[in-house]
$ cat work-v5.tsv   # TSV, C-alpha atoms
chain	number	residue	atom	x	y	z
A	17	MET	CA	-39.86	-17.22	-13.20
A	18	LEU	CA	-43.41	-15.86	-13.12
A	19	ILE	CA	-44.29	-13.12	-15.61
A	20	THR	CA	-47.73	-11.58	-15.80
A	21	GLY	CA	-49.37	-8.79	-17.75
A	22	SER	CA	-49.21	-7.67	-21.36
A	23	ALA	CA	-45.54	-6.54	-21.34
A	24	VAL	CA	-44.34	-9.93	-22.60
A	25	LEU	CA	-44.49	-10.40	-26.37
A	26	THR	CA	-44.74	-13.85	-27.94
A	27	LEU	CA	-42.51	-14.26	-30.96
A	28	GLY	CA	-41.74	-17.31	-33.04
A	29	THR	CA	-38.11	-16.39	-33.78
A	30	THR	CA	-35.04	-15.17	-31.90
A	31	ALA	CA	-34.88	-11.88	-33.80
A	32	ASN	CA	-34.94	-8.90	-31.45
A	33	THR	CA	-37.74	-6.42	-31.78
A	34	GLY	CA	-35.67	-3.46	-32.93
A	35	SER	CA	-35.93	-1.47	-29.71
A	36	CYS	CA	-34.51	-1.84	-26.23
A	37	GLY	CA	-36.44	-2.72	-23.11
A	38	ASN	CA	-38.58	-5.46	-24.65
A	39	LEU	CA	-39.14	-8.78	-22.94
A	40	TRP	CA	-40.56	-11.73	-24.85
A	41	PHE	CA	-41.01	-15.49	-24.95
A	42	ASP	CA	-39.31	-17.13	-27.90
A	43	THR	CA	-41.46	-20.06	-28.98
A	44	SER	CA	-38.67	-21.60	-31.10
A	45	THR	CA	-36.40	-22.12	-28.08
A	46	ASN	CA	-38.93	-21.93	-25.24
A	47	ARG	CA	-36.74	-19.29	-23.61
A	48	ILE	CA	-37.38	-15.77	-22.35
A	49	GLN	CA	-35.35	-13.05	-24.07
A	50	TYR	CA	-34.71	-9.39	-23.32
A	51	SER	CA	-33.43	-6.57	-25.52
A	52	TYR	CA	-31.22	-3.81	-24.11
A	53	PHE	CA	-28.85	-1.11	-25.32
A	54	GLY	CA	-25.20	-1.98	-24.75
A	55	GLY	CA	-21.97	-3.30	-26.20
A	56	ALA	CA	-21.18	-6.85	-27.31
A	57	TRP	CA	-18.37	-8.71	-29.06
A	58	SER	CA	-18.90	-10.82	-32.17
A	59	ALA	CA	-16.49	-13.02	-34.10
A	60	GLY	CA	-14.51	-11.50	-36.95
A	61	GLY	CA	-12.04	-12.99	-39.43
A	62	ALA	CA	-9.03	-14.80	-37.97
A	63	LEU	CA	-5.48	-13.47	-38.26
A	64	ILE	CA	-3.36	-15.27	-40.83
A	65	THR	CA	-0.69	-15.75	-38.14
A	66	GLY	CA	-1.81	-16.38	-34.56
A	67	ARG	CA	0.37	-14.45	-32.13
A	68	SER	CA	0.65	-12.58	-28.86
A	69	ARG	CA	2.49	-9.44	-27.67
A	70	LEU	CA	1.62	-7.67	-30.93
A	71	ALA	CA	0.63	-4.05	-31.57
A	72	GLY	CA	-2.52	-2.68	-33.15
A	73	ALA	CA	-3.64	0.46	-34.95
A	74	GLY	CA	-6.44	1.73	-37.16
A	75	THR	CA	-10.18	1.14	-37.04
A	76	GLN	CA	-12.62	-1.76	-36.98
A	77	ASN	CA	-12.93	-1.73	-40.77
A	78	ALA	CA	-9.32	-0.81	-41.47
A	79	GLY	CA	-7.19	-2.41	-38.76
A	80	LEU	CA	-3.46	-3.05	-38.58
A	81	ALA	CA	-1.76	-5.94	-36.74
A	82	ILE	CA	1.95	-5.39	-36.20
A	83	GLY	CA	4.72	-7.79	-35.17
A	84	GLY	CA	4.28	-10.00	-32.11
A	85	TYR	CA	5.52	-13.26	-30.67
A	86	SER	CA	5.61	-15.89	-33.44
A	87	GLY	CA	4.56	-13.11	-35.79
A	88	GLY	CA	8.06	-11.71	-36.20
A	89	ALA	CA	8.08	-8.96	-38.81
A	90	CYS	CA	4.70	-9.70	-40.32
A	91	THR	CA	2.02	-7.05	-40.77
A	92	GLU	CA	-1.62	-7.78	-41.50
A	93	GLU	CA	-4.42	-5.48	-42.66
A	94	TYR	CA	-8.10	-5.93	-41.75
A	95	ASP	CA	-10.95	-4.82	-44.02
A	96	GLY	CA	-13.81	-5.45	-41.63
A	97	SER	CA	-14.10	-9.16	-42.41
A	98	THR	CA	-10.72	-10.66	-43.35
A	99	TRP	CA	-7.00	-10.11	-42.77
A	100	SER	CA	-4.52	-9.85	-45.64
A	101	THR	CA	-0.74	-9.68	-45.71
A	102	GLY	CA	0.86	-6.24	-45.51
A	103	GLY	CA	4.46	-5.11	-45.80
A	104	ALA	CA	6.97	-6.72	-43.45
A	105	MET	CA	8.56	-4.68	-40.67
A	106	ILE	CA	12.21	-3.71	-41.01
A	107	ASN	CA	12.84	-5.01	-37.49
A	108	GLY	CA	10.51	-7.83	-36.46
A	109	ARG	CA	9.80	-7.72	-32.75
A	110	ARG	CA	7.30	-8.27	-29.97
A	111	GLU	CA	6.11	-6.30	-26.92
A	112	LEU	CA	5.93	-3.13	-29.02
A	113	ALA	CA	3.31	-0.36	-29.28
A	114	GLY	CA	1.36	1.01	-32.21
A	115	ALA	CA	-0.59	4.10	-33.22
A	116	GLY	CA	-2.11	5.77	-36.26
A	117	THR	CA	-4.12	4.25	-39.07
A	118	GLN	CA	-3.85	1.41	-41.55
A	119	ALA	CA	-2.46	3.79	-44.20
A	120	THR	CA	-0.33	5.87	-41.80
A	121	GLY	CA	0.76	3.53	-39.03
A	122	LEU	CA	3.39	3.90	-36.35
A	123	ALA	CA	5.28	1.17	-34.46
A	124	PHE	CA	7.81	1.80	-31.68
A	125	GLY	CA	9.71	0.09	-28.90
A	126	GLY	CA	9.65	-3.65	-28.24
A	127	TYR	CA	11.73	-6.59	-27.08
A	128	TYR	CA	14.62	-6.48	-26.15
A	129	PHE	CA	14.56	-2.85	-24.88
A	130	VAL	CA	14.21	-1.55	-28.43
A	131	ALA	CA	14.22	2.18	-29.28
A	132	CYS	CA	13.51	1.99	-33.01
A	133	THR	CA	10.43	3.51	-34.63
A	134	GLU	CA	8.91	2.55	-37.96
A	135	GLU	CA	6.31	4.32	-40.11
A	136	TYR	CA	3.82	2.52	-42.37
A	137	ASN	CA	2.40	4.03	-45.57
A	138	GLY	CA	-0.19	1.35	-46.26
A	139	THR	CA	2.30	-0.78	-48.19
A	140	SER	CA	5.72	-0.75	-46.56
A	141	TRP	CA	7.59	0.31	-43.42
A	142	SER	CA	10.35	2.94	-43.26
A	143	ALA	CA	12.63	3.98	-40.41
A	144	GLY	CA	11.53	6.81	-38.13
A	145	GLY	CA	13.23	8.57	-35.25
A	146	ALA	CA	14.37	6.46	-32.30
A	147	LEU	CA	12.73	6.66	-28.89
A	148	ILE	CA	14.74	8.55	-26.29
A	149	VAL	CA	14.22	5.71	-23.80
A	150	SER	CA	14.39	2.17	-25.21
A	151	ARG	CA	11.71	-0.10	-23.73
A	152	GLN	CA	9.23	-2.92	-24.20
A	153	TYR	CA	5.68	-3.58	-22.97
A	154	LEU	CA	4.88	0.11	-23.46
A	155	ALA	CA	1.64	1.73	-24.63
A	156	GLY	CA	0.92	4.06	-27.52
A	157	ALA	CA	-1.70	6.49	-28.79
A	158	GLY	CA	-2.18	9.23	-31.35
A	159	THR	CA	-1.18	9.38	-35.00
A	160	GLN	CA	1.90	8.95	-37.16
A	161	ASN	CA	2.65	12.68	-37.01
A	162	ALA	CA	1.49	13.18	-33.43
A	163	GLY	CA	2.25	9.99	-31.55
A	164	LEU	CA	2.43	9.27	-27.84
A	165	ALA	CA	4.55	6.62	-26.09
A	166	PHE	CA	4.27	6.01	-22.34
A	167	GLY	CA	5.21	3.51	-19.67
A	168	GLY	CA	6.95	0.23	-20.34
A	169	TYR	CA	9.74	-1.98	-19.09
A	170	GLY	CA	13.18	-0.47	-19.55
A	171	ALA	CA	16.83	-1.40	-19.49
A	172	GLY	CA	17.87	-2.37	-15.98
A	173	PHE	CA	14.63	-4.37	-15.68
A	174	SER	CA	12.63	-1.55	-14.15
A	175	THR	CA	9.23	-0.03	-14.86
A	176	VAL	CA	9.21	3.20	-16.82
A	177	SER	CA	7.14	6.34	-16.15
A	178	CYS	CA	8.43	8.56	-18.95
A	179	THR	CA	6.28	9.82	-21.80
A	180	GLU	CA	7.48	10.78	-25.28
A	181	GLU	CA	5.79	12.72	-28.07
A	182	TYR	CA	6.42	12.08	-31.78
A	183	ASP	CA	6.15	14.80	-34.44
A	184	GLY	CA	6.54	12.60	-37.50
A	185	SER	CA	10.33	12.50	-37.40
A	186	SER	CA	11.61	12.58	-33.81
A	187	TRP	CA	10.60	11.99	-30.19
A	188	THR	CA	10.71	14.60	-27.42
A	189	ALA	CA	10.16	14.21	-23.68
A	190	GLY	CA	6.68	14.75	-22.29
A	191	GLY	CA	5.30	14.64	-18.76
A	192	ALA	CA	5.95	11.51	-16.72
A	193	LEU	CA	3.21	9.10	-15.66
A	194	ILE	CA	2.19	9.40	-12.01
A	195	ASN	CA	2.45	5.60	-11.68
A	196	SER	CA	5.27	3.85	-13.52
A	197	ARG	CA	4.14	0.55	-15.06
A	198	PHE	CA	4.40	-1.82	-17.99
A	199	GLY	CA	1.90	-3.98	-19.84
A	200	LEU	CA	-0.62	-1.13	-19.70
A	201	GLY	CA	-3.34	-0.10	-22.14
A	202	GLY	CA	-3.43	3.13	-24.11
A	203	ALA	CA	-5.91	5.19	-26.13
A	204	GLY	CA	-6.60	8.72	-27.29
A	205	THR	CA	-4.40	11.36	-28.87
A	206	GLN	CA	-1.15	13.14	-28.14
A	207	ASN	CA	-2.97	15.99	-26.39
A	208	ALA	CA	-5.68	13.84	-24.82
A	209	GLY	CA	-4.15	10.48	-23.96
A	210	LEU	CA	-5.45	7.71	-21.73
A	211	ALA	CA	-3.35	5.19	-19.79
A	212	PHE	CA	-4.96	2.36	-17.80
A	213	GLY	CA	-4.02	-0.83	-16.03
A	214	GLY	CA	-0.52	-2.22	-16.16
A	215	ASN	CA	1.88	-4.11	-13.95
A	216	GLY	CA	2.82	-1.74	-11.17
A	217	ALA	CA	1.82	-0.61	-7.69
A	218	ASN	CA	-1.81	-0.06	-8.77
A	219	GLU	CA	-3.13	-2.20	-11.62
A	220	ALA	CA	-6.50	-0.42	-11.58
A	221	CYS	CA	-5.20	3.12	-12.00
A	222	THR	CA	-6.16	5.33	-14.93
A	223	GLU	CA	-4.37	8.50	-15.97
A	224	GLU	CA	-5.29	11.24	-18.44
A	225	TYR	CA	-2.76	13.27	-20.46
A	226	ASN	CA	-3.38	16.86	-21.56
A	227	GLY	CA	-0.36	17.27	-23.79
A	228	THR	CA	1.86	18.31	-20.90
A	229	SER	CA	1.14	16.28	-17.78
A	230	TRP	CA	-0.80	13.28	-16.49
A	231	SER	CA	-3.61	13.47	-13.92
A	232	ALA	CA	-5.53	10.74	-12.10
A	233	GLY	CA	-8.68	9.39	-13.73
A	234	GLY	CA	-11.28	6.91	-12.52
A	235	ALA	CA	-9.97	3.48	-11.51
A	236	LEU	CA	-10.70	0.37	-13.56
A	237	ILE	CA	-13.33	-1.91	-12.05
A	238	ASN	CA	-10.96	-4.85	-12.59
A	239	GLY	CA	-7.29	-4.01	-12.21
A	240	ARG	CA	-5.17	-5.94	-14.69
A	241	PHE	CA	-2.17	-5.83	-17.01
A	242	GLN	CA	-1.20	-6.96	-20.51
A	243	LEU	CA	-4.61	-5.75	-21.67
A	244	ALA	CA	-5.59	-3.83	-24.81
A	245	GLY	CA	-7.40	-0.58	-25.43
A	246	ALA	CA	-9.11	1.59	-28.02
A	247	GLY	CA	-11.04	4.82	-28.35
A	248	THR	CA	-10.45	8.26	-26.88
A	249	GLN	CA	-9.89	9.90	-23.52
A	250	ASN	CA	-13.60	10.58	-23.08
A	251	SER	CA	-14.80	7.40	-24.75
A	252	GLY	CA	-12.27	4.66	-24.02
A	253	LEU	CA	-12.40	0.88	-24.19
A	254	ALA	CA	-10.33	-1.59	-22.14
A	255	PHE	CA	-10.49	-5.35	-22.72
A	256	GLY	CA	-8.75	-8.61	-21.89
A	257	GLY	CA	-5.63	-8.85	-19.75
A	258	LEU	CA	-4.38	-10.83	-16.80
A	259	ASN	CA	-6.82	-10.64	-13.90
A	260	ASN	CA	-4.10	-10.36	-11.29
A	261	THR	CA	-0.50	-11.28	-10.59
A	262	LEU	CA	-1.44	-14.09	-8.21
A	263	THR	CA	-3.52	-16.31	-10.46
A	264	ASN	CA	-2.25	-15.17	-13.88
A	265	THR	CA	-5.68	-15.97	-15.31
A	266	ALA	CA	-6.64	-14.60	-18.71
A	267	GLY	CA	-9.61	-12.26	-18.48
A	268	ASN	CA	-12.51	-11.56	-20.82
A	269	CYS	CA	-13.94	-8.45	-19.19
A	270	THR	CA	-14.51	-5.23	-21.12
A	271	GLU	CA	-14.87	-1.77	-19.60
A	272	GLU	CA	-16.02	1.52	-21.10
A	273	TYR	CA	-14.66	4.93	-19.99
A	274	ASP	CA	-16.68	8.14	-20.17
A	275	GLY	CA	-13.94	10.57	-19.21
A	276	SER	CA	-14.34	10.09	-15.47
A	277	SER	CA	-15.31	6.50	-14.66
A	278	TRP	CA	-15.38	2.96	-16.04
A	279	THR	CA	-18.50	0.81	-16.47
A	280	ALA	CA	-18.80	-2.84	-17.42
A	281	GLY	CA	-19.23	-3.71	-21.09
A	282	GLY	CA	-19.86	-6.98	-22.89
A	283	ALA	CA	-17.34	-9.77	-22.23
A	284	LEU	CA	-14.89	-10.98	-24.86
A	285	ILE	CA	-15.86	-14.30	-26.42
A	286	THR	CA	-12.32	-15.59	-25.88
A	287	ALA	CA	-10.52	-14.70	-22.64
A	288	ARG	CA	-6.91	-13.69	-23.33
A	289	PHE	CA	-4.02	-11.36	-22.56
A	290	GLN	CA	-1.09	-9.93	-24.54
A	291	LEU	CA	-3.62	-9.05	-27.27
A	292	ALA	CA	-3.93	-5.91	-29.42
A	293	GLY	CA	-6.74	-3.47	-29.99
A	294	ALA	CA	-7.90	-0.79	-32.41
A	295	GLY	CA	-10.97	1.28	-33.25
A	296	THR	CA	-13.36	3.18	-31.01
A	297	GLN	CA	-15.57	2.51	-28.01
A	298	ASN	CA	-18.58	1.93	-30.25
A	299	ALA	CA	-16.68	0.02	-32.92
A	300	GLY	CA	-13.72	-1.76	-31.32
A	301	LEU	CA	-11.40	-4.46	-32.60
A	302	ALA	CA	-9.55	-7.12	-30.57
A	303	PHE	CA	-7.10	-9.57	-32.13
A	304	GLY	CA	-4.36	-12.01	-31.24
A	305	GLY	CA	-3.32	-12.76	-27.69
A	306	TYR	CA	-2.27	-15.59	-25.46
A	307	CYS	CA	-3.75	-18.06	-23.01
A	308	SER	CA	-1.49	-19.90	-20.56
A	309	LEU	CA	-4.12	-22.21	-19.08
A	310	PRO	CA	-4.58	-25.12	-19.59
A	311	GLY	CA	-1.88	-24.97	-22.28
A	312	VAL	CA	0.07	-22.51	-24.38
A	313	VAL	CA	-2.21	-21.09	-27.07
A	314	TYR	CA	-1.46	-18.19	-29.41
A	315	PHE	CA	-4.74	-16.85	-30.67
A	316	ALA	CA	-5.56	-15.88	-34.23
A	317	CYS	CA	-9.14	-14.96	-33.44
A	318	THR	CA	-10.51	-11.48	-34.01
A	319	GLU	CA	-13.52	-9.95	-32.30
A	320	GLU	CA	-15.51	-6.82	-33.12
A	321	TYR	CA	-17.19	-4.68	-30.46
A	322	ASN	CA	-20.35	-2.83	-31.36
A	323	VAL	CA	-22.70	-0.78	-29.24
A	324	GLY	CA	-26.40	-0.97	-30.02
A	325	ILE	CA	-29.49	-3.02	-29.24
A	326	GLN	CA	-28.46	-6.41	-27.88
A	327	THR	CA	-30.49	-9.48	-26.98
A	328	CYS	CA	-29.90	-11.73	-24.01
A	329	THR	CA	-31.55	-14.97	-22.89
A	330	LEU	CA	-32.88	-15.07	-19.34

$ encode --input "work-v5.tsv" --output "C-alpha cells"
Amino acid sequence: MLITGSAVLTLGTTANTGSCGNLWFDTSTNRIQYSYFGGAWSAGGALITGRSRLAGAGTQNAGLAIGGYSGGACTEEYDGSTWSTGGAMINGRRELAGAGTQATGLAFGGYYFVACTEEYNGTSWSAGGALIVSRQYLAGAGTQNAGLAFGGYGAGFSTVSCTEEYDGSSWTAGGALINSRFGLGGAGTQNAGLAFGGNGANEACTEEYNGTSWSAGGALINGRFQLAGAGTQNSGLAFGGLNNTLTNTAGNCTEEYDGSSWTAGGALITARFQLAGAGTQNAGLAFGGYCSLPGVVYFACTEEYNVGIQTCTL
C-alpha cells in the first residue's frame, strides 16, 4: 500500500488518537492503523455455568442470565465485570424468554411447551400468571409489569404467531405476528416491540409492534435463527445465530437497527447460536450459547458491545 502526504501520523504505540478518521503508522508493530466510529465487542467475565438456550434480561452493567440447557434452574447476575449466583428458578428450563431488569426480571415459556411465568425481585423467583399459549423458543421484550411474548414453537410441533401482553399478573392476547416463527430475536417494549429473524418462511424478516398489531420492518442483512437481541425498536441490536438451515453454521455477525433498516456492526469474538442478550444498541451484552462444529461446546463466555471510536489494523 502506498500512502503519501501529511495525513498519516507516526506514533510509537497502538493507542488510538482519540478521534475518528485518523490514519497512522504504528512503529511498534510496523502496521498501519485507522480509527473510526462504530461498534465492537470485547471480552467480559465468563458465566459460572456455561450453557445454551438460556434467557437474558437487564443491562450491560446489571445483566441477568436465566435457565438454559445444562444451566437448569440457575440464575446469574452480572455487575459489568463478573457473574455471581442469583436465586434459583422455581421451574428450571431451557428455550425460554426473558424481559425486565436484574432487580425486576421476567421469565416465561420454555421446554417442553411450558406456559409458566416467573418474576424475579433481585433475590428470588415467584410464580406469575401462565401464558395463554404454552411454547418454547419464543422471544420476549418489555418489563416485568409490561411484558411482551411473541412467536415460538408450540404444542403440535408448529410455529406460533400469537403475541401476549403481561400486566404484572396475567397475560392477554395481542396482535399476531405477520410471519409465524421460532428461535427469533426480540427487543423493545410492550408498545414498541421488535421481532427479527427466526426459523420460518423468511429468516430475514423484521416486524415492529405498536401495542396492537405488527407491521413489516426492514429485513436483516443476514437471515438467521436462534440469535439474540437487545435495545429498542428504533435502536435495536441483533447478534449471533445460525447462518442458515442448510449449513447450520454458528454466526458471529452483528447488525444495528435504526427503526427502518439494518446495518452491519462489529462481529462477535466467538461465533455462536442459542445465546442470550441484554442491554442497548450502544451498550449490549451477549452471553452463553452453543457451537456444534467441530464439536459440542456450551459457551460460558460473555461479550460487551460498545459504540465509540474503534481502531483497526490495515

$ atom_distance --input "work-v5.tsv" --atom1 "CA of Thr205 in chain A" --atom2 "CA of Ala235 in chain A"
19.9 Å

$ residues_around --input "work-v5.tsv" --residues "range 210-215 of chain A" --least-positions-apart "3" --cutoff "8 Å" --atoms "only C-alpha atoms" --output "PyMOL selection string"
chain A and resi 155+197-204+218-225+236+239-243+248-249+252+254

$ atom_distance --input "work-v5.tsv" --atom1 "CA of Thr75 in chain A" --atom2 "CA of Thr296 in chain A"
7.1 Å

$ atom_distance --input "work-v5.tsv" --atom1 "CA of Leu291 in chain A" --atom2 "CA of Thr228 in chain A"
28.6 Å

$ residues_near_point --input "work-v5.tsv" --point "(-1.9, -0.4, -37.6)" --cutoff "10 Å" --atoms "all atoms listed in the file" --output "ChimeraX atom specification"
/A:71-75,78-82,91-94,113-123,135-136,138,293-294

$ closest_residue --input "work-v5.tsv" --among "A:Ala292, A:Ile285, A:Ala316, A:Leu193" --to "Tyr153 in chain A" --atoms "all atoms listed in the file"
A:Ala292

$ closest_residue --input "work-v5.tsv" --among "A:Thr101, A:Gln297, A:Arg288, A:Gly234" --to "Val312 in chain A" --atoms "all atoms listed in the file"
A:Arg288

$ closest_residue --input "work-v5.tsv" --among "A:Val149, A:Ile237, A:Cys269, A:Ile48" --to "Gly172 in chain A" --atoms "all atoms listed in the file"
A:Val149
